[in-house]
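The file start01.csv contains CSV, C-alpha atoms:
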chain,number,residue,atom,x,y,z
E,1,MET,CA,-55.9,2.6,-14.2
E,2,ALA,CA,-59.2,4.3,-13.2
E,3,VAL,CA,-61.2,7.2,-14.6
E,4,LEU,CA,-62.8,9.8,-12.3
E,5,SER,CA,-65.6,11.9,-13.8
E,6,PHE,CA,-66.2,15.5,-12.5
E,7,GLY,CA,-68.9,17.0,-14.7
E,8,ARG,CA,-67.2,17.8,-18.0
E,9,VAL,CA,-63.7,16.9,-16.8
E,10,VAL,CA,-62.0,13.5,-16.8
E,11,VAL,CA,-59.2,12.7,-14.4
E,12,VAL,CA,-57.1,9.6,-15.0
E,13,ALA,CA,-55.3,7.9,-12.0
E,14,ALA,CA,-54.0,4.6,-10.7
E,15,VAL,CA,-56.6,2.7,-8.6
E,16,GLY,CA,-54.4,2.7,-5.6
E,17,ALA,CA,-53.6,6.4,-5.9
E,18,VAL,CA,-57.3,7.4,-5.9
E,19,ALA,CA,-57.8,6.1,-2.4
E,20,ALA,CA,-54.8,8.1,-1.3
E,21,GLY,CA,-55.9,11.2,-3.1
E,22,ALA,CA,-52.6,11.5,-4.9
E,23,GLY,CA,-51.2,10.8,-8.4
E,24,LEU,CA,-54.2,12.4,-10.3
E,25,HIS,CA,-53.7,13.6,-13.8
E,26,TYR,CA,-55.9,16.2,-15.4
E,27,SER,CA,-56.5,15.6,-19.1
E,28,GLY,CA,-57.5,19.1,-20.0
E,29,ARG,CA,-60.2,17.9,-22.4
E,30,SER,CA,-64.0,17.7,-22.3
E,31,VAL,CA,-65.5,14.4,-21.3
E,32,PRO,CA,-66.8,12.6,-24.4
E,33,PRO,CA,-70.0,10.7,-24.4
E,34,PRO,CA,-71.0,8.4,-23.0
E,35,LEU,CA,-68.6,9.2,-20.1
E,36,ASP,CA,-70.4,12.5,-19.6
E,37,ARG,CA,-73.4,10.6,-18.2
E,38,ILE,CA,-71.3,8.9,-15.4
E,39,PRO,CA,-72.4,10.2,-12.0
E,40,TYR,CA,-70.2,12.8,-10.4
E,41,GLY,CA,-67.1,11.3,-8.6
E,42,LYS,CA,-67.8,7.7,-9.5
E,43,ILE,CA,-64.8,5.4,-10.0
E,44,ILE,CA,-64.8,3.4,-13.2
E,45,PRO,CA,-63.1,0.1,-12.6
E,46,PRO,CA,-60.3,-1.1,-15.0
E,47,TYR,CA,-61.5,-2.8,-18.1
E,48,ALA,CA,-59.6,-6.0,-17.3
E,49,GLN,CA,-57.4,-7.1,-14.4
E,50,PRO,CA,-56.7,-10.8,-15.0
E,51,ALA,CA,-53.2,-10.6,-13.4
E,52,GLN,CA,-54.7,-9.1,-10.2
E,53,GLN,CA,-57.4,-11.6,-9.7
E,54,ALA,CA,-57.4,-13.2,-6.3
E,55,ALA,CA,-55.7,-16.5,-6.1
E,56,THR,CA,-57.9,-19.6,-5.9
E,57,PRO,CA,-57.5,-22.0,-3.1
E,58,SER,CA,-56.0,-24.6,-5.5
E,59,SER,CA,-53.3,-22.1,-6.5
E,60,ARG,CA,-52.5,-21.3,-2.9
E,61,ALA,CA,-52.2,-24.9,-2.1
E,62,SER,CA,-49.8,-25.5,-5.0
E,63,GLY,CA,-47.6,-22.6,-3.9
E,64,GLN,CA,-46.9,-24.2,-0.6
E,65,GLN,CA,-44.9,-27.0,-2.3
E,66,ARG,CA,-41.6,-25.3,-3.3
E,67,PRO,CA,-39.4,-27.1,-5.7
E,68,PRO,CA,-36.1,-28.5,-4.3
E,69,VAL,CA,-33.1,-26.2,-4.4
E,70,THR,CA,-30.1,-27.4,-6.5
E,71,ILE,CA,-26.9,-27.4,-4.4
E,72,VAL,CA,-23.3,-28.6,-4.3
E,73,THR,CA,-22.1,-30.3,-1.1
E,74,ALA,CA,-18.9,-31.4,0.6
E,75,LYS,CA,-17.9,-33.3,3.7
E,76,ALA,CA,-16.8,-31.9,7.0
E,77,GLU,CA,-13.5,-33.6,7.8
E,78,ARG,CA,-11.1,-34.0,10.7
E,79,ARG,CA,-7.5,-33.6,9.5
E,80,PRO,CA,-4.2,-32.2,10.6
E,81,MET,CA,-4.2,-28.4,10.3
E,82,PRO,CA,-1.4,-26.0,11.1
E,83,VAL,CA,-1.7,-23.0,13.5
E,84,ARG,CA,-0.4,-20.4,11.2
E,85,LEU,CA,0.1,-16.6,11.3
E,86,ASP,CA,0.4,-14.6,8.0
E,87,ALA,CA,2.1,-11.3,7.6
E,88,ILE,CA,3.7,-9.0,5.0
E,89,GLY,CA,7.5,-8.7,5.5
E,90,THR,CA,10.4,-6.9,4.0
E,91,VAL,CA,13.7,-8.6,3.0
E,92,GLN,CA,16.7,-7.1,4.8
E,93,ALA,CA,20.4,-7.8,4.3
E,94,LEU,CA,22.0,-9.6,7.2
E,95,SER,CA,24.9,-7.0,6.9
E,96,SER,CA,25.0,-3.9,4.8
E,97,VAL,CA,28.4,-2.1,4.5
E,98,ALA,CA,28.9,1.3,2.9
E,99,VAL,CA,32.6,1.4,1.8
E,100,ARG,CA,34.3,4.8,2.1
E,101,SER,CA,37.9,5.9,1.7
E,102,ARG,CA,40.0,6.6,4.8
E,103,VAL,CA,42.6,8.7,2.9
E,104,ASP,CA,42.4,11.5,0.3
E,105,THR,CA,44.0,10.2,-2.9
E,106,GLN,CA,43.3,9.2,-6.5
E,107,ILE,CA,41.6,5.9,-7.5
E,108,ILE,CA,43.9,3.9,-9.6
E,109,GLU,CA,41.9,0.7,-10.1
E,110,VAL,CA,38.4,-0.7,-9.5
E,111,GLY,CA,38.5,-4.4,-9.1
E,112,PHE,CA,34.9,-5.6,-9.4
E,113,PRO,CA,32.0,-5.5,-11.9
E,114,ASP,CA,29.0,-3.4,-10.9
E,115,GLY,CA,26.3,-5.6,-9.3
E,116,GLY,CA,28.6,-8.6,-9.0
E,117,TYR,CA,29.2,-11.0,-6.1
E,118,VAL,CA,32.3,-10.6,-4.1
E,119,LYS,CA,33.9,-12.6,-1.3
E,120,LYS,CA,35.4,-11.4,1.9
E,121,GLY,CA,39.0,-10.1,1.2
E,122,ASP,CA,38.5,-9.5,-2.6
E,123,MET,CA,40.2,-6.3,-3.8
E,124,LEU,CA,37.6,-3.5,-4.5
E,125,PHE,CA,39.6,-0.3,-5.0
E,126,ARG,CA,43.3,0.4,-5.4
E,127,LEU,CA,44.4,3.9,-4.5
E,128,ASP,CA,47.5,5.9,-5.3
E,129,SER,CA,49.9,5.0,-2.4
E,130,ARG,CA,53.2,6.4,-3.7
E,131,LEU,CA,53.4,9.1,-1.0
E,132,ALA,CA,52.6,6.6,1.8
E,133,GLU,CA,55.3,4.2,0.5
E,134,ALA,CA,57.9,7.0,0.5
E,135,LEU,CA,57.0,8.0,4.0
E,136,LEU,CA,57.3,4.4,5.1
E,137,LYS,CA,60.8,4.0,3.6
E,138,GLN,CA,61.8,7.3,5.3
E,139,ALA,CA,60.6,6.0,8.7
E,140,GLU,CA,62.4,2.7,8.1
E,141,ALA,CA,65.6,4.5,7.3
E,142,GLY,CA,65.3,6.5,10.5
E,143,VAL,CA,64.9,3.3,12.5
E,144,ALA,CA,68.0,1.9,10.9
E,145,ARG,CA,70.0,5.1,11.8
E,146,ASP,CA,68.9,5.0,15.4
E,147,LYS,CA,69.8,1.3,15.6
E,148,ALA,CA,73.3,2.1,14.3
E,149,SER,CA,73.7,4.9,16.8
E,150,LEU,CA,72.5,2.6,19.6
E,151,ALA,CA,75.1,0.0,18.7
E,152,SER,CA,77.8,2.7,19.0
E,153,ALA,CA,76.5,4.0,22.2
E,154,GLU,CA,76.4,0.5,23.7
E,155,ALA,CA,80.0,0.0,22.7
E,156,ASP,CA,80.9,3.3,24.5
E,157,LEU,CA,79.0,2.1,27.5
E,158,ARG,CA,81.0,-1.1,27.7
E,159,ARG,CA,84.3,0.7,27.5
E,160,ALA,CA,83.2,3.2,30.1
E,161,GLU,CA,82.3,0.4,32.4
E,162,GLU,CA,85.7,-1.3,32.0
E,163,LEU,CA,87.5,2.0,32.7
E,164,ALA,CA,85.3,2.6,35.7
E,165,LYS,CA,86.3,-0.8,37.1
E,166,ARG,CA,90.0,0.3,36.8
E,167,ASP,CA,89.3,3.7,38.2
E,168,PHE,CA,90.3,5.3,34.9
E,169,ALA,CA,86.8,6.8,34.2
E,170,THR,CA,84.6,9.0,36.3
E,171,ASP,CA,81.1,8.2,37.3
E,172,GLN,CA,79.8,11.1,35.2
E,173,ARG,CA,81.2,9.6,32.0
E,174,LEU,CA,79.6,6.3,32.9
E,175,ASP,CA,76.2,7.9,33.6
E,176,THR,CA,76.4,9.8,30.3
E,177,ALA,CA,77.1,6.6,28.4
E,178,ARG,CA,74.2,4.9,30.0
E,179,THR,CA,71.8,7.8,29.3
E,180,GLN,CA,72.9,7.8,25.7
E,181,VAL,CA,72.1,4.1,25.3
E,182,ALA,CA,68.7,4.5,26.9
E,183,THR,CA,67.8,7.5,24.7
E,184,LEU,CA,68.7,5.7,21.5
E,185,LYS,CA,66.7,2.6,22.6
E,186,ALA,CA,63.6,4.8,23.1
E,187,SER,CA,64.3,6.5,19.7
E,188,VAL,CA,64.4,3.1,18.0
E,189,ARG,CA,61.1,2.0,19.6
E,190,GLY,CA,59.5,5.3,18.5
E,191,GLY,CA,60.8,4.8,15.0
E,192,GLU,CA,59.5,1.2,14.9
E,193,ALA,CA,56.1,2.4,16.0
E,194,ALA,CA,56.0,5.0,13.3
E,195,VAL,CA,56.9,2.3,10.8
E,196,ASP,CA,54.0,0.2,12.0
E,197,ALA,CA,51.6,3.1,11.8
E,198,LEU,CA,52.7,3.8,8.2
E,199,LYS,CA,52.3,0.2,7.3
E,200,VAL,CA,48.7,0.3,8.6
E,201,GLN,CA,48.0,3.5,6.7
E,202,LEU,CA,49.4,1.8,3.6
E,203,THR,CA,46.7,-0.8,3.8
E,204,TYR,CA,44.1,2.0,3.4
E,205,TYR,CA,45.2,2.3,-0.2
E,206,THR,CA,44.0,-1.1,-1.1
E,207,ILE,CA,40.3,-1.5,-0.1
E,208,THR,CA,39.1,-5.0,0.2
E,209,ALA,CA,35.6,-6.5,0.8
E,210,PRO,CA,34.8,-6.7,4.5
E,211,VAL,CA,32.0,-9.2,4.0
E,212,SER,CA,30.8,-11.6,1.3
E,213,GLY,CA,27.8,-10.5,-0.6
E,214,ARG,CA,26.2,-8.7,-3.6
E,215,ILE,CA,27.9,-5.5,-4.4
E,216,GLY,CA,26.3,-2.4,-5.9
E,217,VAL,CA,27.3,0.2,-8.4
E,218,ALA,CA,30.7,2.0,-7.8
E,219,GLY,CA,30.1,5.5,-6.7
E,220,LEU,CA,33.5,6.6,-8.1
E,221,LYS,CA,35.5,5.2,-11.0
E,222,GLU,CA,39.2,5.2,-11.9
E,223,GLY,CA,40.8,8.7,-12.0
E,224,ASN,CA,38.5,10.2,-9.4
E,225,ILE,CA,39.7,11.6,-6.0
E,226,ALA,CA,38.4,9.6,-3.0
E,227,LYS,CA,37.7,11.8,0.0
E,228,THR,CA,37.4,10.9,3.7
E,229,GLY,CA,34.7,11.9,6.2
E,230,ASP,CA,31.0,11.0,6.8
E,231,ASN,CA,29.9,13.4,4.1
E,232,SER,CA,32.2,11.9,1.5
E,233,THR,CA,30.9,9.9,-1.5
E,234,THR,CA,30.3,6.3,-0.8
E,235,LEU,CA,32.5,4.2,-3.0
E,236,VAL,CA,30.2,1.2,-3.0
E,237,THR,CA,27.7,-0.7,-0.8
E,238,ILE,CA,27.9,-4.4,-0.1
E,239,ASN,CA,24.8,-6.4,1.0
E,240,GLN,CA,25.2,-9.8,2.6
E,241,VAL,CA,22.4,-11.9,1.1
E,242,ASP,CA,23.2,-15.4,2.4
E,243,PRO,CA,21.9,-15.8,5.0
E,244,ILE,CA,19.3,-13.1,4.9
E,245,TYR,CA,16.7,-11.5,7.2
E,246,VAL,CA,13.0,-10.9,6.6
E,247,SER,CA,11.4,-8.4,9.0
E,248,PHE,CA,7.7,-8.4,9.8
E,249,ALA,CA,5.2,-7.5,12.5
E,250,LEU,CA,2.6,-9.5,14.3
E,251,PRO,CA,-0.1,-8.6,16.9
E,252,GLN,CA,1.2,-8.6,20.4
E,253,ARG,CA,-1.5,-11.0,21.5
E,254,GLN,CA,0.4,-13.7,19.6
E,255,LEU,CA,3.6,-13.1,21.4
E,256,SER,CA,3.2,-15.8,24.1
E,257,SER,CA,2.2,-18.4,21.5
E,258,ILE,CA,5.2,-17.5,19.3
E,259,ARG,CA,7.7,-17.7,22.2
E,260,ASP,CA,6.2,-21.1,23.3
E,261,ALA,CA,6.6,-22.4,19.8
E,262,MET,CA,10.2,-21.2,19.6
E,263,ASN,CA,11.0,-22.9,22.9
E,264,ALA,CA,9.4,-26.1,21.7
E,265,GLY,CA,11.3,-25.9,18.4
E,266,THR,CA,8.1,-26.2,16.3
E,267,ALA,CA,8.1,-22.6,14.8
E,268,VAL,CA,8.8,-22.6,11.1
E,269,ALA,CA,8.8,-19.5,8.9
E,270,VAL,CA,8.3,-19.6,5.1
E,271,ALA,CA,8.9,-16.4,3.1
E,272,THR,CA,7.7,-16.1,-0.5
E,273,GLN,CA,8.8,-13.0,-2.4
E,274,GLN,CA,6.3,-11.3,-4.6
E,275,GLY,CA,6.5,-12.8,-8.0
E,276,ALA,CA,8.4,-15.9,-6.9
E,277,SER,CA,7.0,-19.3,-7.6
E,278,ARG,CA,8.4,-20.9,-4.4
E,279,GLY,CA,9.2,-19.9,-0.8
E,280,VAL,CA,12.2,-20.3,1.4
E,281,GLU,CA,12.0,-21.9,4.8
E,282,GLY,CA,13.7,-20.5,7.9
E,283,LYS,CA,13.3,-19.8,11.5
E,284,ILE,CA,12.7,-16.9,13.9
E,285,ALA,CA,16.0,-15.2,14.8
E,286,VAL,CA,15.1,-12.0,16.6
E,287,ILE,CA,12.1,-10.7,18.6
E,288,ASP,CA,12.2,-7.0,19.3
E,289,ASN,CA,12.4,-6.0,23.0
E,290,LEU,CA,9.6,-3.5,22.8
E,291,VAL,CA,5.9,-3.7,21.6
E,292,ASP,CA,4.9,-0.8,19.4
E,293,ALA,CA,2.3,1.0,21.5
E,294,THR,CA,0.9,2.9,18.5
E,295,THR,CA,0.1,-0.2,16.4
E,296,GLY,CA,-0.1,-2.9,19.1
E,297,THR,CA,2.4,-5.1,17.1
E,298,ILE,CA,5.8,-6.4,17.8
E,299,GLN,CA,8.6,-6.5,15.2
E,300,MET,CA,10.4,-9.8,14.4
E,301,ARG,CA,13.1,-11.0,12.1
E,302,ALA,CA,13.3,-14.5,10.6
E,303,ILE,CA,16.6,-15.7,9.1
E,304,PHE,CA,16.8,-17.8,5.9
E,305,ASP,CA,19.5,-19.6,4.0
E,306,ASN,CA,19.6,-17.9,0.6
E,307,PRO,CA,22.3,-19.6,-1.6
E,308,ASP,CA,20.2,-19.1,-4.7
E,309,GLU,CA,19.4,-15.5,-3.8
E,310,THR,CA,15.6,-16.2,-4.0
E,311,LEU,CA,15.1,-13.4,-1.5
E,312,TRP,CA,16.4,-9.9,-2.5
E,313,PRO,CA,17.1,-7.1,-0.1
E,314,GLY,CA,14.3,-4.5,0.0
E,315,ALA,CA,11.6,-6.7,-1.6
E,316,LEU,CA,8.2,-7.4,-0.1
E,317,CYS,CA,7.3,-11.0,0.7
E,318,GLN,CA,4.5,-13.0,2.2
E,319,VAL,CA,5.5,-14.6,5.5
E,320,ARG,CA,3.8,-17.6,6.9
E,321,LEU,CA,4.8,-18.5,10.5
E,322,THR,CA,3.6,-22.0,11.5
E,323,LEU,CA,3.6,-22.4,15.2
E,324,ARG,CA,2.4,-26.0,15.5
E,325,VAL,CA,0.2,-28.6,13.8
E,326,GLU,CA,-3.1,-29.8,15.3
E,327,PRO,CA,-3.5,-33.5,14.4
E,328,ASP,CA,-7.3,-33.7,14.6
E,329,ALA,CA,-8.8,-30.3,13.6
E,330,LEU,CA,-12.5,-30.1,12.5
E,331,THR,CA,-12.6,-28.4,9.1
E,332,VAL,CA,-15.1,-27.5,6.3
E,333,PRO,CA,-14.6,-25.7,3.0
E,334,ARG,CA,-14.4,-22.0,3.2
E,335,GLU,CA,-17.5,-21.6,1.0
E,336,ALA,CA,-19.6,-23.6,3.5
E,337,VAL,CA,-19.5,-20.9,6.3
E,338,GLN,CA,-22.2,-18.2,6.0
E,339,ASN,CA,-22.8,-15.1,8.1
E,340,GLY,CA,-26.2,-14.4,9.6
E,341,GLN,CA,-27.8,-12.1,12.1
E,342,ASN,CA,-27.0,-14.5,14.9
E,343,GLY,CA,-23.5,-15.2,13.8
E,344,THR,CA,-21.8,-17.8,11.5
E,345,PHE,CA,-23.6,-21.0,10.4
E,346,VAL,CA,-23.5,-23.8,7.8
E,347,PHE,CA,-26.2,-25.7,6.0
E,348,VAL,CA,-26.1,-29.4,6.8
E,349,ILE,CA,-28.0,-31.8,4.5
E,350,GLU,CA,-30.0,-34.5,6.4
E,351,ASP,CA,-32.2,-36.8,4.4
E,352,GLY,CA,-32.4,-34.3,1.5
E,353,VAL,CA,-33.4,-31.4,3.8
E,354,ALA,CA,-31.2,-28.4,4.6
E,355,ARG,CA,-30.7,-27.6,8.3
E,356,ALA,CA,-28.9,-24.5,9.5
E,357,ARG,CA,-26.3,-25.2,12.2
E,358,PRO,CA,-24.6,-22.4,14.1
E,359,VAL,CA,-20.8,-22.8,14.2
E,360,THR,CA,-17.8,-21.1,15.9
E,361,VAL,CA,-14.9,-20.3,13.5
E,362,ASP,CA,-11.4,-20.7,15.0
E,363,ARG,CA,-9.3,-19.8,12.0
E,364,THR,CA,-9.0,-20.0,8.2
E,365,ILE,CA,-6.2,-21.8,6.5
E,366,ASP,CA,-6.1,-21.5,2.7
E,367,ASP,CA,-9.4,-22.9,1.4
E,368,ARG,CA,-10.4,-24.6,4.7
E,369,VAL,CA,-12.1,-23.2,7.8
E,370,VAL,CA,-11.2,-24.7,11.2
E,371,LEU,CA,-14.2,-24.8,13.5
E,372,ALA,CA,-14.1,-24.7,17.2
E,373,SER,CA,-17.6,-26.1,17.7
E,374,GLY,CA,-20.9,-26.7,15.9
E,375,LEU,CA,-20.2,-29.9,14.0
E,376,LYS,CA,-18.9,-33.4,14.7
E,377,GLY,CA,-16.9,-34.0,11.5
E,378,ASP,CA,-18.9,-36.4,9.3
E,379,GLU,CA,-21.7,-34.0,8.2
E,380,THR,CA,-22.5,-33.1,4.6
E,381,VAL,CA,-22.4,-29.3,4.2
E,382,VAL,CA,-23.6,-27.1,1.4
E,383,ILE,CA,-20.8,-25.1,-0.5
E,384,ASP,CA,-22.9,-23.7,-3.3
E,385,GLY,CA,-26.6,-22.7,-3.6
E,386,GLN,CA,-27.0,-21.4,0.0
E,387,LEU,CA,-28.7,-18.2,-1.1
E,388,LEU,CA,-31.8,-20.1,-2.1
E,389,LEU,CA,-31.9,-22.2,1.0
E,390,THR,CA,-33.9,-21.8,4.2
E,391,ASP,CA,-33.9,-24.0,7.3
E,392,GLY,CA,-36.0,-27.0,6.4
E,393,ALA,CA,-35.9,-26.5,2.6
E,394,ARG,CA,-35.6,-29.5,0.3
E,395,ALA,CA,-32.4,-29.8,-1.7
E,396,VAL,CA,-31.1,-31.8,-4.6
E,397,GLU,CA,-27.4,-32.0,-5.4
E,398,ARG,CA,-25.9,-31.4,-8.8
E,399,ASN,CA,-22.6,-32.4,-10.3
E,400,ARG,CA,-19.4,-30.6,-9.3
E,401,GLY,CA,-18.9,-29.4,-12.8
E,402,GLY,CA,-22.0,-27.2,-12.6
E,403,GLN,CA,-24.4,-29.5,-14.5
E,404,ARG,CA,-27.8,-30.1,-13.0
E,405,PRO,CA,-29.0,-33.7,-12.8
E,406,PRO,CA,-31.2,-35.0,-15.6
E,407,PRO,CA,-34.9,-33.8,-15.5
E,408,ASN,CA,-36.2,-37.2,-14.7
E,409,GLN,CA,-33.7,-37.6,-11.9
E,410,THR,CA,-34.6,-34.2,-10.5
E,411,SER,CA,-38.3,-35.0,-10.6
E,412,GLN,CA,-37.8,-38.4,-9.0
E,413,ARG,CA,-35.7,-36.7,-6.2
E,414,GLY,CA,-38.4,-34.0,-5.8
E,415,SER,CA,-41.2,-36.5,-5.6
E,416,ALA,CA,-39.3,-38.6,-3.2
E,417,GLY,CA,-38.7,-35.6,-1.0

Show the structure stored in the file as structure tokens.
Amino acid sequence: MAVLSFGRVVVVAAVGAVAAGAGLHYSGRSVPPPLDRIPYGKIIPPYAQPAQQAATPSSRASGQQRPPVTIVTAKAERRPMPVRLDAIGTVQALSSVAVRSRVDTQIIEVGFPDGGYVKKGDMLFRLDSRLAEALLKQAEAGVARDKASLASAEADLRRAEELAKRDFATDQRLDTARTQVATLKASVRGGEAAVDALKVQLTYYTITAPVSGRIGVAGLKEGNIAKTGDNSTTLVTINQVDPIYVSFALPQRQLSSIRDAMNAGTAVAVATQQGASRGVEGKIAVIDNLVDATTGTIQMRAIFDNPDETLWPGALCQVRLTLRVEPDALTVPREAVQNGQNGTFVFVIEDGVARARPVTVDRTIDDRVVLASGLKGDETVVIDGQLLLTDGARAVERNRGGQRPPPNQTSQRGSAG
């Protein structure tokens, strides 16, 4: 602080603010003695400024020797690393069947528990088929009648043919007998076709599972009337869950690599449903025939064996598609890679001194970063303490558990550096 005297008025201000002509504060009181004898406009220096005293040459010299930075390091390694693509997928049933009635009648029996597992051919619903059975019997009786008439007509035709040979029957009678036989044969065939049609319709009254899978909740129970048509109530839905699809999208720039991996037989997909402790391994089954122009992605489906029903239709899951495995990839821990104004870099420790090395990142796999260039593979890189490092700074390593080395060891390392 500084005091300005203007006659009988005292103005208090910061020293730096006086020079700028700003930050003055008027006290509003008369200047007490002996300040009233200070010449007009004279700046009174602060009473004591020990903290702002200029640094001595000895102190400046000591400030140039910074203490070593405590760090944690790891080794850059060459190891097999996969070329992997990650995506979010949705589990989809391989086949989903909505069961509806093809006749209008009453439900007599429901043959499955809600949410149970059914096999192909299991009885699901039994409908009232008494009317259809009666119509079938009537059609069968008509066929039997026509067959009896046909047998009589064929006998008449044989007699007419014998009489015609002896010239005891006219040609008209012979033609009439032949026409009667042909007519009755056609009637028998028509009746038999009607019987077959009624037998097919009779199967509609017993609804069986068209596929094996997990069944949902019955839309109608015993006693309700099942209706036909697209707007009718769905009796139940069956989802085939073994095998099962997982649908996901990947950038179109990866399409060539994915197809090459599929042709080589190295592509492996692993789907892990949210909340599940383990994943299921499968393969790519379908690649869509069109790239989505709005998102620049292409839709794919992977197929998985799902006997334990680990994947559930409609659930979200993490999909990891491994295209191939590079046997000698250069890797460092994820924490070692830093971002700077000139790009990515890592700190490498050489003889206790940190050196910044620019690197090119290829991809990140779990907790390892695969580098395309920048290191050879045997360097010691810093994974903790980079914020205090600069290029050329001295460093000392601490234990992985977070404990610093003993003071004497730190001092010895510092003096040795």

Exercise for the section: Choose the residue, out of E:Thr206, E:Ser187, E:Ser152, E:Asn224, that has the smallest atom-to-atom separation from Ser129 of chain E; count only C-alpha atoms. Expected result: E:Thr206

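Between Asp196 of chain E and the candidates E:Ala164, E:Leu174, E:Ala139, E:Val118, the tightest atom-to-atom separation, counting all atoms listed in the file, involves E:Ala139.
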
Practice task
Have a look at atom CA of Gln318 of chain E and atom CA of Ile365 of chain E and let me know their distance in Å, one decimal.
Solution key: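 Separation between atom CA of Gln318 of chain E and atom CA of Ile365 of chain E: 14.5 Å.
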
Practice task
Extract, using only C-alpha atoms, all DNA, RNA and protein residues at most 9 Å from Pro327 of chain E, discarding same-chain residues fewer than 6 positions from it, and format them as a PyMOL selection string.
Solution key: chain E and resi 78-82

Practice task
List every protein, DNA or RNA residue with an atom no more than 10 Å from (-15.3, -19.9, 2.1) in the file's coordinates, counting only C-alpha atoms, and format the result as an NGL selection string.
Solution key: :E and (332-338 or 364 or 366-369 or 383)

Using C-alpha atoms, can you write the selected residues to a file as a PDB file, in the frame of the given file?
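Generated output (result_8.pdb):
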ATOM      1  CA  VAL E 332     -15.100 -27.500   6.300  1.00  0.00           C
ATOM      2  CA  PRO E 333     -14.600 -25.700   3.000  1.00  0.00           C
ATOM      3  CA  ARG E 334     -14.400 -22.000   3.200  1.00  0.00           C
ATOM      4  CA  GLU E 335     -17.500 -21.600   1.000  1.00  0.00           C
ATOM      5  CA  ALA E 336     -19.600 -23.600   3.500  1.00  0.00           C
ATOM      6  CA  VAL E 337     -19.500 -20.900   6.300  1.00  0.00           C
ATOM      7  CA  GLN E 338     -22.200 -18.200   6.000  1.00  0.00           C
ATOM      8  CA  THR E 364      -9.000 -20.000   8.200  1.00  0.00           C
ATOM      9  CA  ASP E 366      -6.100 -21.500   2.700  1.00  0.00           C
ATOM     10  CA  ASP E 367      -9.400 -22.900   1.400  1.00  0.00           C
ATOM     11  CA  ARG E 368     -10.400 -24.600   4.700  1.00  0.00           C
ATOM     12  CA  VAL E 369     -12.100 -23.200   7.800  1.00  0.00           C
ATOM     13  CA  ILE E 383     -20.800 -25.100  -0.500  1.00  0.00           C
TER      14      ILE E 383
END

Problem - Counting all atoms listed in the file, the option among E:Ile238, E:Leu220, E:Leu85, E:Ala141 closest to Ala267 of chain E - result: E:Leu85

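The shortest atom-to-atom distance to Ser373 of chain E, with all atoms listed in the file taken into account, belongs to E:Thr360 out of E:Thr360, E:Thr322, E:Thr295, E:Gln172.
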
Exercise for the section: Tell me, as a PyMOL selection string, which residues lie within 10 Å of segment 268-272 of chain E, counting all atoms listed in the file; anything in the same chain fewer than 2 positions away does not count. Expected result: chain E and resi 84-91+246+261-262+265-266+274-284+302-304+310-311+316-324

Exercise for the section: Measuring atom to atom with only C-alpha atoms, identify which of E:Lys119, E:Thr331, E:Val83, E:Phe125 is nearest to Ala226 of chain E. Expected result: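 Answer, going by the shortest atom-to-atom distance: E:Phe125.
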
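What separates atom CA of Thr73 of chain E from atom CA of Val353 of chain E is a distance of 12.4 Å.
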
Problem - d(atom CA of Val99 of chain E, atom CA of Asp242 of chain E) in Å - result: 19.3 Å

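The shortest atom-to-atom distance to Lys137 of chain E, with all atoms listed in the file taken into account, belongs to E:Leu202 out of E:Met300, E:Leu202, E:Ala329, E:Ala315.
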
Problem - Contact residues around Asp391 of chain E with all atoms listed in the file at 10 Å, ignoring same-chain residues under 4 positions, as a ChimeraX atom specification - result: /E:347-348,353-357

Exercise for the section: Can you pull out every residue within 9 Å of Pro243 of chain E, counting all atoms listed in the file, but drop anything in the same chain fewer than 5 positions away, and send it as a PyMOL selection string? Expected result: chain E and resi 93-94+303-307

For those residues, write C-alpha atoms to a file as a PDB file, in the coordinates of the input.
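Now in out36.pdb:
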ATOM      1  CA  ALA E  93      20.400  -7.800   4.300  1.00  0.00           C
ATOM      2  CA  LEU E  94      22.000  -9.600   7.200  1.00  0.00           C
ATOM      3  CA  ILE E 303      16.600 -15.700   9.100  1.00  0.00           C
ATOM      4  CA  PHE E 304      16.800 -17.800   5.900  1.00  0.00           C
ATOM      5  CA  ASP E 305      19.500 -19.600   4.000  1.00  0.00           C
ATOM      6  CA  ASN E 306      19.600 -17.900   0.600  1.00  0.00           C
ATOM      7  CA  PRO E 307      22.300 -19.600  -1.600  1.00  0.00           C
TER       8      PRO E 307
END
